[in-house]
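One file, data_19.txt, is given below (compact mmCIF, C-alpha atoms (C1' of nucleotides)).
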# COMPACT_ATOMS: atom_id res chain seq x y z
CA MET A 1 -20.13 37.52 250.41
CA SER A 2 -16.65 38.93 250.75
CA GLN A 3 -18.30 42.23 251.52
CA GLN A 4 -19.84 40.95 254.72
CA ILE A 5 -16.49 39.71 255.98
CA VAL A 6 -14.59 42.97 255.42
CA PRO A 7 -14.30 44.71 258.82
CA ASP A 8 -14.84 48.43 259.15
CA SER A 9 -11.16 49.02 259.80
CA LEU A 10 -10.36 47.66 256.34
CA LYS A 11 -13.12 49.66 254.70
CA ARG A 12 -11.58 52.73 256.20
CA ILE A 13 -8.25 51.74 254.74
CA GLU A 14 -9.89 51.41 251.36
CA ARG A 15 -11.08 54.99 251.62
CA ARG A 16 -7.64 56.26 252.55
CA ARG A 17 -5.79 58.69 250.35
CA LEU A 18 -4.48 56.84 247.34
CA ASP A 19 -0.91 55.61 247.20
CA GLN A 20 0.95 57.98 244.87
CA GLY A 21 3.57 55.40 243.93
CA ALA A 22 6.70 56.85 242.38
CA LEU A 23 5.11 60.24 241.72
CA PRO A 24 6.25 62.22 244.77
CA GLY A 25 9.90 61.49 244.02
CA LEU A 26 9.75 63.13 240.61
CA LEU A 27 10.92 66.68 240.25
CA GLY A 28 8.56 67.32 237.36
CA TYR A 29 5.59 66.22 239.44
CA ARG A 30 6.48 68.45 242.37
CA LEU A 31 7.11 71.30 239.96
CA ARG A 32 3.66 70.79 238.51
CA LEU A 33 2.04 70.83 241.93
CA ALA A 34 3.73 74.10 242.81
CA GLN A 35 2.79 75.60 239.48
CA GLN A 36 -0.83 74.57 239.86
CA ALA A 37 -0.97 76.21 243.27
CA VAL A 38 0.45 79.42 241.87
CA PHE A 39 -1.91 79.26 238.90
CA ARG A 40 -4.94 78.88 241.17
CA ASP A 41 -3.92 81.90 243.21
CA PHE A 42 -3.29 83.87 240.02
CA ALA A 43 -6.71 83.01 238.62
CA ALA A 44 -8.33 84.07 241.87
CA SER A 45 -6.45 87.39 241.81
CA VAL A 46 -6.61 88.38 238.16
CA HIS A 47 -10.04 87.97 236.66
CA GLY A 48 -10.70 87.37 233.01
CA LEU A 49 -7.09 87.15 231.87
CA SER A 50 -4.90 84.05 231.90
CA PRO A 51 -1.22 84.30 232.79
CA GLY A 52 -0.35 83.78 229.15
CA ARG A 53 -2.58 86.63 227.98
CA VAL A 54 -1.18 88.99 230.61
CA GLY A 55 2.26 87.93 229.42
CA LEU A 56 1.38 89.07 225.91
CA LEU A 57 0.19 92.44 227.20
CA ILE A 58 3.42 92.84 229.18
CA TYR A 59 5.49 92.02 226.10
CA ILE A 60 3.57 94.47 223.91
CA ASP A 61 3.77 97.15 226.57
CA ALA A 62 7.52 96.70 226.87
CA ASN A 63 8.01 96.49 223.08
CA PRO A 64 5.50 98.81 221.43
CA GLY A 65 5.14 98.11 217.73
CA VAL A 66 6.47 94.57 217.95
CA THR A 67 5.30 92.35 215.09
CA GLN A 68 3.18 89.25 215.56
CA SER A 69 5.96 86.97 214.37
CA ARG A 70 8.53 88.40 216.75
CA LEU A 71 6.09 88.13 219.62
CA ALA A 72 5.26 84.54 218.70
CA GLU A 73 8.96 83.76 218.63
CA ALA A 74 9.49 85.39 222.04
CA VAL A 75 6.82 83.29 223.72
CA GLU A 76 7.67 80.18 221.70
CA ARG A 77 4.35 79.73 219.99
CA ASP A 78 3.41 79.24 216.36
CA ARG A 79 2.58 82.31 214.28
CA SER A 80 -0.88 80.89 213.66
CA THR A 81 -1.47 80.48 217.39
CA MET A 82 -0.70 84.13 217.91
CA VAL A 83 -3.44 85.19 215.49
CA GLY A 84 -6.21 83.82 217.69
CA ALA A 85 -4.72 85.11 220.91
CA LEU A 86 -4.32 88.61 219.47
CA ASP A 87 -7.83 88.48 218.00
CA GLN A 88 -9.09 87.94 221.54
CA LEU A 89 -7.16 90.86 222.96
CA GLN A 90 -8.13 93.08 220.06
CA SER A 91 -11.82 92.21 220.25
CA ARG A 92 -11.68 93.23 223.91
CA GLY A 93 -10.20 96.53 222.85
CA LEU A 94 -6.92 95.96 224.67
CA ILE A 95 -4.54 96.03 221.73
CA GLU A 96 -4.32 97.53 218.28
CA ARG A 97 -2.76 96.17 215.09
CA ARG A 98 -1.15 98.78 212.86
CA ARG A 99 0.22 97.89 209.45
CA GLY A 100 3.99 98.37 209.52
CA ASP A 101 6.33 100.05 207.08
CA ASP A 102 6.95 96.56 205.86
CA ARG A 103 3.40 96.06 204.79
CA ARG A 104 3.45 92.36 205.47
CA THR A 105 3.68 93.05 209.19
CA ASN A 106 1.32 94.20 211.92
CA GLY A 107 2.82 96.33 214.65
CA LEU A 108 1.18 95.72 218.02
CA TRP A 109 0.29 98.43 220.53
CA LEU A 110 -1.69 98.62 223.73
CA THR A 111 -4.77 100.79 223.54
CA ARG A 112 -5.58 103.21 226.32
CA ALA A 113 -7.96 100.55 227.71
CA GLY A 114 -5.21 97.96 227.38
CA ARG A 115 -2.77 100.07 229.35
CA GLY A 116 -5.41 100.63 232.01
CA LEU A 117 -6.26 96.96 232.31
CA LEU A 118 -2.60 95.97 232.37
CA ALA A 119 -1.89 98.47 235.14
CA ARG A 120 -4.72 97.05 237.20
CA ALA A 121 -3.65 93.48 236.44
CA LEU A 122 -0.08 94.27 237.45
CA ARG A 123 -1.26 95.59 240.80
CA ALA A 124 -3.28 92.41 241.34
CA ILE A 125 -0.28 90.36 240.29
CA ALA A 126 1.92 92.23 242.75
CA ARG A 127 -0.48 91.27 245.53
CA HIS A 128 -0.57 87.71 244.23
CA GLU A 129 3.22 87.63 244.16
CA ARG A 130 3.43 88.89 247.74
CA ARG A 131 0.93 86.27 248.84
CA ILE A 132 2.96 83.50 247.23
CA ALA A 133 6.30 84.85 248.36
CA ALA A 134 4.97 85.19 251.90
CA ARG A 135 5.50 81.45 252.24
CA LEU A 136 9.23 82.05 251.73
CA SER A 137 11.85 84.26 253.28
CA ALA A 138 13.59 86.71 250.95
CA ALA A 139 16.66 84.49 250.91
CA GLN A 140 14.55 81.43 250.14
CA LYS A 141 12.86 83.19 247.27
CA ARG A 142 16.22 84.15 245.78
CA GLN A 143 17.36 80.58 246.24
CA LEU A 144 14.25 79.16 244.61
CA LEU A 145 14.56 81.44 241.60
CA ALA A 146 18.22 80.49 241.19
CA LEU A 147 17.43 76.78 241.40
CA LEU A 148 14.56 77.12 238.91
CA ASP A 149 16.94 78.83 236.51
CA ARG A 150 19.31 75.90 236.72
CA ILE A 151 16.42 73.59 235.84
CA ALA A 152 15.18 75.81 233.02
CA GLY A 153 18.71 75.83 231.62
CA MET B 1 11.20 107.29 203.67
CA SER B 2 11.84 106.84 207.34
CA GLN B 3 13.28 103.49 206.41
CA GLN B 4 16.16 105.04 204.52
CA ILE B 5 17.12 107.16 207.51
CA VAL B 6 17.23 104.36 210.09
CA PRO B 7 20.91 103.42 210.53
CA ASP B 8 22.00 99.80 210.73
CA SER B 9 22.82 100.15 214.40
CA LEU B 10 19.18 100.89 215.12
CA LYS B 11 17.93 98.09 212.91
CA ARG B 12 20.08 95.73 214.93
CA ILE B 13 18.51 97.06 218.09
CA GLU B 14 15.10 96.38 216.63
CA ARG B 15 16.08 92.76 216.09
CA ARG B 16 17.35 92.33 219.62
CA ARG B 17 15.73 89.95 222.06
CA LEU B 18 12.46 91.44 223.21
CA ASP B 19 12.20 93.27 226.50
CA GLN B 20 10.43 90.95 228.93
CA GLY B 21 9.08 93.74 231.09
CA ALA B 22 7.94 92.68 234.53
CA LEU B 23 7.85 88.98 233.62
CA PRO B 24 11.26 87.80 234.88
CA GLY B 25 10.51 89.04 238.39
CA LEU B 26 7.46 86.82 238.75
CA LEU B 27 7.78 83.53 240.55
CA GLY B 28 4.98 81.99 238.52
CA TYR B 29 6.70 82.88 235.28
CA ARG B 30 10.02 81.37 236.33
CA LEU B 31 8.17 78.31 237.59
CA ARG B 32 6.52 77.94 234.22
CA LEU B 33 9.83 78.21 232.38
CA ALA B 34 11.33 75.48 234.54
CA GLN B 35 8.30 73.29 234.08
CA GLN B 36 8.33 73.72 230.33
CA ALA B 37 11.97 72.69 230.22
CA VAL B 38 11.23 69.59 232.26
CA PHE B 39 8.20 68.81 230.11
CA ARG B 40 10.23 69.03 226.92
CA ASP B 41 12.81 66.63 228.28
CA PHE B 42 10.05 64.29 229.44
CA ALA B 43 8.40 64.28 226.04
CA ALA B 44 11.74 63.49 224.40
CA SER B 45 12.32 60.61 226.83
CA VAL B 46 8.90 58.99 227.08
CA HIS B 47 7.25 58.48 223.74
CA GLY B 48 3.53 58.25 223.24
CA LEU B 49 2.47 58.97 226.82
CA SER B 50 1.97 62.36 228.41
CA PRO B 51 3.06 62.94 232.00
CA GLY B 52 -0.57 62.92 233.03
CA ARG B 53 -1.24 59.56 231.42
CA VAL B 54 1.84 58.02 233.01
CA GLY B 55 0.60 59.45 236.29
CA LEU B 56 -2.65 57.53 235.87
CA LEU B 57 -0.77 54.30 235.21
CA ILE B 58 1.37 54.89 238.31
CA TYR B 59 -1.74 55.49 240.41
CA ILE B 60 -3.49 52.38 239.11
CA ASP B 61 -0.36 50.30 239.61
CA ALA B 62 -0.03 51.50 243.20
CA ASN B 63 -3.77 51.09 243.88
CA PRO B 64 -5.03 48.08 241.95
CA GLY B 65 -8.81 48.02 241.72
CA VAL B 66 -9.20 51.73 242.39
CA THR B 67 -12.47 53.13 241.03
CA GLN B 68 -12.68 55.80 238.36
CA SER B 69 -14.17 58.33 240.75
CA ARG B 70 -11.50 57.87 243.39
CA LEU B 71 -8.81 58.18 240.75
CA ALA B 72 -10.42 61.32 239.36
CA GLU B 73 -10.52 62.78 242.85
CA ALA B 74 -6.87 61.92 243.42
CA VAL B 75 -5.70 63.74 240.30
CA GLU B 76 -8.26 66.53 240.71
CA ARG B 77 -10.10 66.02 237.46
CA ASP B 78 -13.79 65.67 236.68
CA ARG B 79 -15.25 62.16 236.57
CA SER B 80 -16.22 62.72 232.95
CA THR B 81 -12.66 63.71 232.07
CA MET B 82 -11.46 60.42 233.46
CA VAL B 83 -13.74 58.44 231.13
CA GLY B 84 -11.92 59.67 228.02
CA ALA B 85 -8.47 59.29 229.51
CA LEU B 86 -9.20 55.72 230.61
CA ASP B 87 -10.78 54.93 227.24
CA GLN B 88 -7.45 55.88 225.68
CA LEU B 89 -5.44 53.66 228.00
CA GLN B 90 -7.91 50.80 227.64
CA SER B 91 -8.01 50.98 223.85
CA ARG B 92 -4.23 50.70 223.92
CA GLY B 93 -4.59 47.61 226.04
CA LEU B 94 -2.82 49.10 229.04
CA ILE B 95 -5.61 48.93 231.59
CA GLU B 96 -8.70 46.89 232.31
CA ARG B 97 -12.03 47.92 233.82
CA ARG B 98 -13.67 45.31 236.03
CA ARG B 99 -17.13 45.81 237.45
CA GLY B 100 -16.86 46.07 241.21
CA ASP B 101 -18.86 44.47 244.01
CA ASP B 102 -20.71 47.74 244.11
CA ARG B 103 -21.99 47.35 240.59
CA ARG B 104 -21.97 51.06 239.90
CA THR B 105 -18.19 51.10 239.98
CA ASN B 106 -15.38 50.03 237.69
CA GLY B 107 -12.25 48.75 239.35
CA LEU B 108 -9.11 49.62 237.40
CA TRP B 109 -6.16 47.31 236.83
CA LEU B 110 -3.06 47.34 234.71
CA THR B 111 -2.92 44.62 232.08
CA ARG B 112 0.24 42.67 231.53
CA ALA B 113 1.01 45.03 228.64
CA GLY B 114 0.28 47.99 230.88
CA ARG B 115 2.70 46.78 233.53
CA GLY B 116 5.32 46.24 230.83
CA LEU B 117 4.88 49.67 229.33
CA LEU B 118 4.86 51.31 232.75
CA ALA B 119 8.09 49.55 233.69
CA ARG B 120 9.73 50.78 230.51
CA ALA B 121 8.34 54.28 231.00
CA LEU B 122 9.61 54.36 234.57
CA ARG B 123 13.10 53.48 233.41
CA ALA B 124 12.95 56.26 230.83
CA ILE B 125 11.65 58.62 233.50
CA ALA B 126 14.47 57.63 235.82
CA ARG B 127 16.97 58.61 233.11
CA HIS B 128 15.02 61.79 232.49
CA GLU B 129 15.08 62.55 236.20
CA ARG B 130 18.83 61.98 236.39
CA ARG B 131 19.35 64.26 233.41
CA ILE B 132 17.35 67.02 235.04
CA ALA B 133 18.82 66.51 238.49
CA ALA B 134 22.31 66.56 237.00
CA ARG B 135 22.00 70.31 236.87
CA LEU B 136 21.74 70.31 240.68
CA SER B 137 23.74 68.89 243.56
CA ALA B 138 21.96 66.43 245.82
CA ALA B 139 21.62 69.13 248.45
CA GLN B 140 20.25 71.57 245.91
CA LYS B 141 17.67 69.08 244.73
CA ARG B 142 16.51 68.51 248.30
CA GLN B 143 16.37 72.24 248.79
CA LEU B 144 14.40 72.78 245.59
CA LEU B 145 11.85 70.11 246.50
CA ALA B 146 11.42 71.63 249.95
CA LEU B 147 10.92 75.11 248.54
CA LEU B 148 8.44 73.83 245.96
CA ASP B 149 6.48 72.20 248.76
CA ARG B 150 6.25 75.51 250.58
CA ILE B 151 4.86 77.07 247.39
CA ALA B 152 2.45 74.22 246.76
CA GLY B 153 1.20 74.62 250.32
C1' DT C 1 13.28 91.05 186.97
C1' DA C 2 12.53 86.44 188.45
C1' DA C 3 13.11 83.28 192.31
C1' DG C 4 13.01 82.76 197.05
C1' DA C 5 11.78 84.05 201.78
C1' DT C 6 8.71 86.16 205.21
C1' DT C 7 4.16 87.62 207.30
C1' DG C 8 -0.34 87.14 208.73
C1' DT C 9 -4.17 84.28 207.95
C1' DT C 10 -7.40 80.31 207.29
C1' DT C 11 -8.49 75.65 207.80
C1' DG C 12 -8.25 71.26 209.90
C1' DA C 13 -6.70 68.43 213.44
C1' DT C 14 -5.26 66.96 218.29
C1' DG C 15 -5.39 67.04 223.20
C1' DT C 16 -7.23 68.30 227.54
C1' DC C 17 -10.58 69.92 230.16
C1' DC C 18 -15.43 71.15 232.33
C1' DC C 19 -20.53 71.13 232.95
C1' DA C 20 -25.22 69.36 232.59
C1' DA C 21 -28.04 65.61 232.17
C1' DC C 22 -28.99 60.69 232.62
C1' DA C 23 -29.74 55.68 233.82
C1' DG C 24 -28.45 52.19 236.85
C1' DA C 25 -27.17 50.99 241.45
C1' DT C 26 -26.84 51.76 246.30
C1' DT C 27 -27.87 54.03 250.72
C1' DG C 28 -30.54 56.31 254.09
C1' DT C 29 -34.98 57.50 256.15
C1' DG C 30 -39.41 57.46 257.52
C1' DC D 1 -40.22 47.95 253.34
C1' DA D 2 -40.77 51.78 250.06
C1' DC D 3 -39.03 55.77 248.35
C1' DA D 4 -36.21 59.74 248.20
C1' DA D 5 -31.46 61.03 248.07
C1' DT D 6 -26.97 60.04 246.63
C1' DC D 7 -23.29 58.06 243.99
C1' DT D 8 -21.09 56.13 239.56
C1' DG D 9 -19.91 55.96 234.99
C1' DT D 10 -21.28 57.79 230.68
C1' DT D 11 -22.70 60.89 226.88
C1' DG D 12 -23.02 65.20 224.47
C1' DG D 13 -21.85 69.85 224.10
C1' DG D 14 -18.62 73.30 224.40
C1' DA D 15 -14.27 75.86 225.59
C1' DC D 16 -9.41 76.46 225.07
C1' DA D 17 -4.76 76.14 223.44
C1' DT D 18 -1.88 74.28 220.43
C1' DC D 19 0.39 72.91 215.82
C1' DA D 20 0.91 72.00 210.67
C1' DA D 21 -0.07 72.90 205.95
C1' DA D 22 -1.38 75.88 202.45
C1' DC D 23 -2.06 80.66 200.59
C1' DA D 24 -1.89 85.55 198.97
C1' DA D 25 0.47 89.69 199.67
C1' DT D 26 4.79 91.58 200.23
C1' DC D 27 9.64 92.05 200.61
C1' DT D 28 14.56 90.54 199.55
C1' DT D 29 18.06 88.59 196.85
C1' DA D 30 20.45 86.71 193.07
Would you put the structure from the file into structure tokens?
Amino acid sequence: MSQQIVPDSLKRIERRRLDQGALPGLLGYRLRLAQQAVFRDFAASVHGLSPGRVGLLIYIDANPGVTQSRLAEAVERDRSTMVGALDQLQSRGLIERRRGDDRRTNGLWLTRAGRGLLARALRAIARHERRIAARLSAAQKRQLLALLDRIAG
Amino acid sequence: MSQQIVPDSLKRIERRRLDQGALPGLLGYRLRLAQQAVFRDFAASVHGLSPGRVGLLIYIDANPGVTQSRLAEAVERDRSTMVGALDQLQSRGLIERRRGDDRRTNGLWLTRAGRGLLARALRAIARHERRIAARLSAAQKRQLLALLDRIAG
DNA sequence: TAAGATTGTTTGATGTCCCAACAGATTGTG
DNA sequence: CACAATCTGTTGGGACATCAAACAATCTTA
């Protein structure tokens, strides 16, 4: 009954974009939107490796021989989380675990394949970064990074 | 053997903060750090509801009677993902599903309890927002939001 | 040397998400 | 009007990423 009375103009209103309520005013929400956009572009640029995994490769490359615990601490994850992540990278032949002098520890190293993949990924990331930064002037990018640092504390 | 030769000065170097390699230069990385900081503060402020779940409540509050599909579309999630999320909220007595005129659909509504919880959550979020924004001047916050929008596209 | 701490690991749990398939309901087309 | 196409919510299966607790091997300290 009510359906027959509703004019088309109202039906169109019903189909309008939803009201976002208080969401757009929240810094965290806007931050998330920006991050999602960047993540999408990253995923489209770098195939088969998430930002987090690339981050691990970068850390290991910059700190050859680092132990699992120290790496976990650096990226603020649990030791047990690191095991699975490193298993992935190792099973793909990208990293190597070598027992350390302290025989409780594993030192982590990039394999030749790992270095190759990282180099390729870094080139893709450089393109990705340029694509993102193209929406900003150099001064704006500096500004944004500075403001983000204030937020991150 | 080698262990006995390593001087303390070197050992201290080994314990230093890890080299972050190319990471700090990347916009996406800095964005993630800022978002993580905001997320931590959110979690400490709003207990028992993730930002995403609060987002759903805000949407439903602003669009009473919205269908599950439209809501899923608005937050860019699969329809089937929405089922579980709404089951959660419904089992906690925060929302209600009412069969729509189109009997395929469920219209979504906040219950009295849902409105109460949302009101409390919004007050907590307002405090959270002030705490975050306190690190910025009003002009800086405007600037940050504008820059984030450029990134988000 | 015995007690305590650290390291990597396993196991179990939580949370969030997607896809494929499906039945019921509605819409569009011939 | 009948029937194919489409839409809606749901289920079941799986993929990730994460943490906490417990454990054996190893190292450090008292």
Given identical sequences, can you show me chain A least-squares superposed on chain B via all its Cα atoms in order, as a short mmCIF file (atom, residue, chain, number, x, y, z; two decimals) with C-alpha atoms, in the coordinates of the input?
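This is the output file out-v3.cif:
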data_model
loop_
_atom_site.label_atom_id
_atom_site.label_comp_id
_atom_site.auth_asym_id
_atom_site.auth_seq_id
_atom_site.Cartn_x
_atom_site.Cartn_y
_atom_site.Cartn_z
CA MET A 1 11.20 107.75 204.13
CA SER A 2 11.91 107.09 207.77
CA GLN A 3 13.23 103.73 206.67
CA GLN A 4 16.08 105.24 204.73
CA ILE A 5 17.20 107.28 207.72
CA VAL A 6 17.32 104.38 210.19
CA PRO A 7 20.99 103.35 210.55
CA ASP A 8 21.98 99.71 210.65
CA SER A 9 22.85 99.93 214.33
CA LEU A 10 19.23 100.79 215.11
CA LYS A 11 17.90 98.06 212.85
CA ARG A 12 19.99 95.64 214.80
CA ILE A 13 18.48 96.95 218.00
CA GLU A 14 15.05 96.37 216.55
CA ARG A 15 15.93 92.74 215.99
CA ARG A 16 17.19 92.30 219.53
CA ARG A 17 15.54 89.91 221.92
CA LEU A 18 12.29 91.41 223.08
CA ASP A 19 12.04 93.23 226.39
CA GLN A 20 10.25 90.87 228.78
CA GLY A 21 8.94 93.68 230.97
CA ALA A 22 7.79 92.58 234.40
CA LEU A 23 7.72 88.90 233.47
CA PRO A 24 11.12 87.73 234.74
CA GLY A 25 10.36 88.97 238.24
CA LEU A 26 7.31 86.76 238.61
CA LEU A 27 7.66 83.48 240.40
CA GLY A 28 4.86 81.92 238.39
CA TYR A 29 6.60 82.80 235.14
CA ARG A 30 9.92 81.32 236.21
CA LEU A 31 8.10 78.26 237.49
CA ARG A 32 6.47 77.86 234.11
CA LEU A 33 9.78 78.13 232.30
CA ALA A 34 11.31 75.43 234.47
CA GLN A 35 8.28 73.22 234.03
CA GLN A 36 8.35 73.62 230.27
CA ALA A 37 11.99 72.61 230.19
CA VAL A 38 11.26 69.52 232.24
CA PHE A 39 8.24 68.71 230.09
CA ARG A 40 10.30 68.92 226.90
CA ASP A 41 12.89 66.55 228.29
CA PHE A 42 10.15 64.20 229.47
CA ALA A 43 8.50 64.16 226.05
CA ALA A 44 11.83 63.40 224.43
CA SER A 45 12.45 60.53 226.86
CA VAL A 46 9.04 58.90 227.12
CA HIS A 47 7.38 58.40 223.78
CA GLY A 48 3.66 58.22 223.27
CA LEU A 49 2.62 58.89 226.85
CA SER A 50 2.15 62.30 228.46
CA PRO A 51 3.19 62.89 232.06
CA GLY A 52 -0.45 62.91 233.06
CA ARG A 53 -1.14 59.54 231.45
CA VAL A 54 1.92 57.98 233.06
CA GLY A 55 0.67 59.43 236.33
CA LEU A 56 -2.59 57.55 235.90
CA LEU A 57 -0.74 54.30 235.24
CA ILE A 58 1.38 54.85 238.35
CA TYR A 59 -1.72 55.48 240.44
CA ILE A 60 -3.49 52.37 239.13
CA ASP A 61 -0.37 50.29 239.62
CA ALA A 62 -0.03 51.47 243.20
CA ASN A 63 -3.78 51.09 243.90
CA PRO A 64 -5.05 48.10 241.95
CA GLY A 65 -8.83 48.06 241.72
CA VAL A 66 -9.22 51.76 242.39
CA THR A 67 -12.48 53.19 241.04
CA GLN A 68 -12.67 55.88 238.39
CA SER A 69 -14.17 58.39 240.80
CA ARG A 70 -11.48 57.90 243.41
CA LEU A 71 -8.79 58.21 240.78
CA ALA A 72 -10.39 61.37 239.40
CA GLU A 73 -10.48 62.79 242.90
CA ALA A 74 -6.81 61.92 243.48
CA VAL A 75 -5.64 63.75 240.38
CA GLU A 76 -8.17 66.56 240.80
CA ARG A 77 -10.04 66.08 237.58
CA ASP A 78 -13.73 65.74 236.81
CA ARG A 79 -15.23 62.25 236.67
CA SER A 80 -16.22 62.88 233.06
CA THR A 81 -12.65 63.83 232.16
CA MET A 82 -11.44 60.53 233.52
CA VAL A 83 -13.71 58.57 231.18
CA GLY A 84 -11.89 59.78 228.07
CA ALA A 85 -8.44 59.37 229.55
CA LEU A 86 -9.19 55.81 230.65
CA ASP A 87 -10.78 55.03 227.27
CA GLN A 88 -7.44 55.94 225.71
CA LEU A 89 -5.44 53.72 228.02
CA GLN A 90 -7.91 50.89 227.65
CA SER A 91 -8.01 51.08 223.86
CA ARG A 92 -4.22 50.77 223.93
CA GLY A 93 -4.60 47.66 226.03
CA LEU A 94 -2.81 49.14 229.04
CA ILE A 95 -5.61 48.99 231.58
CA GLU A 96 -8.71 46.97 232.29
CA ARG A 97 -12.04 48.01 233.79
CA ARG A 98 -13.70 45.39 235.98
CA ARG A 99 -17.16 45.90 237.40
CA GLY A 100 -16.88 46.15 241.18
CA ASP A 101 -18.89 44.52 243.93
CA ASP A 102 -20.71 47.80 244.01
CA ARG A 103 -21.97 47.44 240.51
CA ARG A 104 -21.99 51.14 239.86
CA THR A 105 -18.20 51.17 239.96
CA ASN A 106 -15.39 50.11 237.67
CA GLY A 107 -12.26 48.81 239.33
CA LEU A 108 -9.12 49.69 237.39
CA TRP A 109 -6.18 47.35 236.82
CA LEU A 110 -3.07 47.36 234.70
CA THR A 111 -2.95 44.66 232.07
CA ARG A 112 0.20 42.66 231.51
CA ALA A 113 0.99 45.04 228.62
CA GLY A 114 0.28 47.99 230.89
CA ARG A 115 2.68 46.75 233.52
CA GLY A 116 5.31 46.19 230.85
CA LEU A 117 4.90 49.64 229.35
CA LEU A 118 4.90 51.28 232.77
CA ALA A 119 8.10 49.48 233.72
CA ARG A 120 9.77 50.70 230.56
CA ALA A 121 8.40 54.21 231.03
CA LEU A 122 9.65 54.28 234.61
CA ARG A 123 13.15 53.38 233.46
CA ALA A 124 13.02 56.18 230.89
CA ILE A 125 11.71 58.53 233.54
CA ALA A 126 14.55 57.56 235.87
CA ARG A 127 17.02 58.53 233.16
CA HIS A 128 15.08 61.73 232.53
CA GLU A 129 15.12 62.49 236.25
CA ARG A 130 18.88 61.94 236.44
CA ARG A 131 19.39 64.21 233.45
CA ILE A 132 17.37 66.98 235.07
CA ALA A 133 18.84 66.49 238.51
CA ALA A 134 22.33 66.54 237.03
CA ARG A 135 21.99 70.31 236.87
CA LEU A 136 21.72 70.33 240.67
CA SER A 137 23.74 68.95 243.53
CA ALA A 138 21.97 66.49 245.82
CA ALA A 139 21.62 69.19 248.45
CA GLN A 140 20.22 71.63 245.90
CA LYS A 141 17.68 69.11 244.73
CA ARG A 142 16.50 68.54 248.30
CA GLN A 143 16.33 72.28 248.77
CA LEU A 144 14.36 72.79 245.57
CA LEU A 145 11.84 70.12 246.47
CA ALA A 146 11.38 71.64 249.93
CA LEU A 147 10.87 75.11 248.49
CA LEU A 148 8.40 73.82 245.90
CA ASP A 149 6.44 72.18 248.69
CA ARG A 150 6.18 75.49 250.49
CA ILE A 151 4.79 77.03 247.31
CA ALA A 152 2.39 74.16 246.67
CA GLY A 153 1.14 74.55 250.23
#
### Task
Write out as a ChimeraX atom specification the residues lying within 7 Å of region 8-23 of chain D, counting only C-alpha atoms (C1' of nucleotides) and excluding same-chain residues fewer than 4 positions away.
/A:81 /B:104-105
### Message
Quick check: residues of chain A within 9 Å of chain D, all atoms listed in the file, returned as a VMD selection string.
### Response
chain A and resid 77 to 78 80 to 81 102 to 104
### Task
Write out as number ranges by chain the residues lying within 8 Å of region 133-141 of chain B, counting all atoms listed in the file and excluding same-chain residues fewer than 5 positions away.
A: 147, 150-151
### Message
Between CA of Leu89 (chain B) and CA of Arg53 (chain B), what is the distance in Å, rounded to a tenth?
### Response
8.0 Å
Mind giving me the axis-aligned box for region 62-72 of chain B with 8 Å on every side, centre plus edges in Å to one decimal, as JSON?
{"center_x": -7.1, "center_y": 54.7, "center_z": 241.1, "size_x": 30.1, "size_y": 29.3, "size_z": 21.5}
Radius query 10 Å about (2.4, 98.3, 214.3), atoms used: all atoms listed in the file, as a PDB file with C-alpha atoms, in the coordinates of the input:
ATOM      1  CA  PRO A  64       5.500  98.810 221.430  1.00  0.00           C
ATOM      2  CA  GLY A  65       5.140  98.110 217.730  1.00  0.00           C
ATOM      3  CA  VAL A  66       6.470  94.570 217.950  1.00  0.00           C
ATOM      4  CA  THR A  67       5.300  92.350 215.090  1.00  0.00           C
ATOM      5  CA  GLN A  68       3.180  89.250 215.560  1.00  0.00           C
ATOM      6  CA  GLU A  96      -4.320  97.530 218.280  1.00  0.00           C
ATOM      7  CA  ARG A  97      -2.760  96.170 215.090  1.00  0.00           C
ATOM      8  CA  ARG A  98      -1.150  98.780 212.860  1.00  0.00           C
ATOM      9  CA  ARG A  99       0.220  97.890 209.450  1.00  0.00           C
ATOM     10  CA  GLY A 100       3.990  98.370 209.520  1.00  0.00           C
ATOM     11  CA  ASP A 101       6.330 100.050 207.080  1.00  0.00           C
ATOM     12  CA  ASP A 102       6.950  96.560 205.860  1.00  0.00           C
ATOM     13  CA  ARG A 103       3.400  96.060 204.790  1.00  0.00           C
ATOM     14  CA  THR A 105       3.680  93.050 209.190  1.00  0.00           C
ATOM     15  CA  ASN A 106       1.320  94.200 211.920  1.00  0.00           C
ATOM     16  CA  GLY A 107       2.820  96.330 214.650  1.00  0.00           C
ATOM     17  CA  LEU A 108       1.180  95.720 218.020  1.00  0.00           C
ATOM     18  CA  TRP A 109       0.290  98.430 220.530  1.00  0.00           C
TER      19      TRP A 109
END
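Distance-wise, CA of Ile60 (chain A) and CA of Leu110 (chain A) end up 6.7 Å apart.
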### Message
Would you pick out the contacts of region 24-28 of chain B at 9 Å or less, using all atoms listed in the file, so that residues sharing its chain but fewer than 2 positions from it are not included, and give the list as a list in words?
### Response
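Here the qualifying residues turn out to be Gln35, Val38, Phe39, Phe42, Pro51, Ile125, Ala126, Glu129, Ile132, Ala133, Lys141, Leu144 and Leu145 of chain A; Gln20, Gly21, Ala22, Arg30, Leu31, Arg32 and Leu33 of chain B.
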## Note on the structure
Computed gap from CA of Ser45 (chain A) to CA of Leu117 (chain A) is 13.5 Å
Residues of chain C at most 10 Å from chain A: nearest atom pair and distance in Å, all atoms listed in the file, as a tab-separated table:
residue	atom	partner	partner_atom	distance
C:DT6	C1'	A:Arg104	CA	8.1
C:DT7	C1'	A:Arg104	CA	5.1
C:DG8	C1'	A:Thr105	CA	7.2
C:DT9	C1'	A:Ser80	CA	7.4
C:DT10	C1'	A:Ser80	CA	9.1
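Neighbouring residues of Arg92 (chain B) at 10 Å or closer, counting all atoms listed in the file and skipping chain neighbours under 5 positions away, are Leu86, Asp87, Ala113 and Gly114 of chain B.
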